[in-house]
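The data block below is coords-v5.cif; it holds mmCIF, C-alpha atoms.
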data_upload
loop_
_atom_site.label_atom_id
_atom_site.label_comp_id
_atom_site.auth_asym_id
_atom_site.auth_seq_id
_atom_site.Cartn_x
_atom_site.Cartn_y
_atom_site.Cartn_z
CA HIS A 1201 10.02 -0.60 20.83
CA ARG A 1202 8.10 -3.54 19.43
CA GLU A 1203 5.63 -3.34 22.28
CA LYS A 1204 4.52 0.02 20.82
CA TYR A 1205 3.90 -1.20 17.25
CA ASP A 1206 0.18 -1.85 17.73
CA GLU A 1207 -0.25 1.60 19.26
CA TRP A 1208 1.68 3.18 16.37
CA LEU A 1209 -0.66 1.64 13.77
CA THR A 1210 -2.92 4.64 14.38
CA HIS A 1211 -0.19 7.21 15.09
CA TYR A 1212 -1.07 10.73 13.91
CA ASN A 1213 2.18 10.95 11.92
CA SER A 1214 1.93 9.01 8.67
CA GLU A 1215 5.71 8.57 8.59
CA VAL A 1216 5.47 6.41 11.71
CA ARG A 1217 2.83 4.23 10.05
CA ARG A 1218 4.89 4.14 6.87
CA ALA A 1219 7.91 2.93 8.85
CA LEU A 1220 5.75 0.08 10.16
CA ALA A 1221 4.71 -0.72 6.59
CA ARG A 1222 8.37 -0.75 5.49
CA ILE A 1223 9.19 -3.44 8.05
CA GLY A 1224 6.15 -5.45 6.98
CA TYR A 1225 4.18 -4.96 10.17
CA LYS A 1226 0.48 -5.86 9.88
CA PRO A 1227 -0.01 -5.15 6.18
CA GLU A 1228 -3.61 -6.37 6.46
CA ILE A 1229 -4.33 -3.30 8.59
CA LEU A 1230 -2.03 -0.75 6.96
CA ILE A 1231 -3.37 -1.49 3.46
CA ASN A 1232 -6.48 0.39 4.64
CA ASP A 1233 -4.56 3.39 6.00
CA ASN A 1234 -5.87 6.86 5.14
CA ASP A 1235 -2.48 7.89 3.74
CA ILE A 1236 -1.77 6.86 0.15
CA ASP A 1237 1.98 6.61 0.78
CA VAL A 1238 1.41 4.14 3.59
CA ARG A 1239 -0.74 2.01 1.27
CA ARG A 1240 1.90 2.28 -1.49
CA THR A 1241 4.59 1.12 0.95
CA VAL A 1242 2.46 -1.85 1.99
CA VAL A 1243 2.14 -2.96 -1.64
CA MET A 1244 5.85 -2.49 -2.29
CA GLN A 1245 6.63 -4.75 0.69
CA HIS A 1246 3.73 -7.16 0.09
CA PRO A 1247 2.83 -7.28 -3.62
CA GLU A 1248 0.13 -9.84 -2.85
CA MET A 1249 -1.82 -7.01 -1.16
CA PHE A 1250 -2.18 -5.19 -4.50
CA ARG A 1251 -5.56 -6.77 -5.26
CA GLN A 1252 -7.05 -5.10 -2.19
CA LEU A 1253 -6.56 -1.72 -3.86
CA LEU A 1254 -8.54 -2.66 -6.95
CA GLY A 1255 -12.00 -1.17 -7.19
CA ARG A 1256 -11.31 1.60 -4.68
CA PRO A 1257 -11.95 4.98 -6.32
CA GLU A 1258 -9.46 6.68 -3.99
CA ASP A 1259 -6.71 4.31 -5.17
CA VAL A 1260 -7.12 4.58 -8.95
CA GLN A 1261 -4.00 6.72 -9.34
CA LEU A 1262 -2.01 4.49 -6.98
CA VAL A 1263 -3.01 1.34 -8.88
CA ASN A 1264 -2.19 3.05 -12.18
CA SER A 1265 1.23 4.10 -10.88
CA ILE A 1266 2.05 0.63 -9.55
CA LEU A 1267 1.01 -1.03 -12.80
CA ASP A 1268 3.11 1.40 -14.84
CA GLN A 1269 6.18 0.52 -12.75
CA GLN A 1270 5.87 -3.22 -13.31
CA THR A 1271 8.53 -4.45 -15.68
CA ASP A 1272 7.68 -8.14 -15.47
CA ILE A 1273 4.14 -7.75 -16.82
CA PRO A 1274 3.76 -7.45 -20.60
CA LYS A 1275 2.40 -3.96 -21.41
CA GLY A 1276 -0.64 -5.44 -23.18
CA ASN A 1277 -1.60 -7.25 -20.00
CA VAL A 1278 -1.17 -4.06 -17.95
CA ALA A 1279 -3.45 -2.17 -20.34
CA ALA A 1280 -6.06 -4.94 -20.18
CA LEU A 1281 -5.92 -5.03 -16.38
CA LYS A 1282 -6.32 -1.25 -16.19
CA GLU A 1283 -9.25 -1.33 -18.59
CA SER A 1284 -10.98 -4.14 -16.72
CA ASN A 1285 -10.69 -2.15 -13.49
CA GLY A 1286 -11.90 1.13 -15.00
CA ILE A 1287 -8.49 2.77 -14.91
CA GLY A 1288 -7.59 5.15 -17.71
CA GLY A 1289 -4.10 5.38 -19.08
#

Show me this structure written as structure tokens.
Amino acid sequence: HREKYDEWLTHYNSEVRRALARIGYKPEILINDNDIDVRRTVVMQHPEMFRQLLGRPEDVQLVNSILDQQTDIPKGNVAALKESNGIGG
């Protein structure tokens, strides 16, 4: 069904868009999806996309959650990053 992927990028069902994110399809588009779980999936598959979430008021909780789950970043650095981006926690 690969010929349908572009059409499914705007599918009404967020689970369809999330499935595309899980396979790494067009993260540069799906990172801007209206559904927070689609955006979360994009970042889980493409950590380099994380920076695109910074500074978006609607993604403060998502950014906070992702940072809290990081085990390879010293906690002091996580706190500093949160503070510098206006994220409480």

Legend entry - Option closest in space to A:Arg1202, from A:Tyr1225, A:Gln1269, A:Asp1235, A:Glu1215 [counting only C-alpha atoms]: A:Tyr1225

Inset, instruction - Just the residues within 9 Å of A:Arg1218, please, counting all atoms listed in the file, with nothing from its chain fewer than 5 positions along; format it as an NGL selection string. - result: :A and (1213 or 1223 or 1230 or 1235 or 1237-1239 or 1241-1242)

Inset, instruction - Please evaluate the PyMOL selection byres ((chain A and resi 1244) around 12) against the displayed coordinates and give the resulting residues as a PyMOL selection string. - result: chain A and resi 1218+1221-1224+1227+1231+1237-1243+1245-1250+1262-1263+1265-1267+1269-1270

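Atom pair atom CA of A:Ser1214 / atom CA of A:Lys1226: separated by 15.0 Å.
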
Legend entry - Atomic distance atom CA of A:Ile1236 - atom CA of A:Asn1264, expressed in Å with one decimal: 12.9 Å
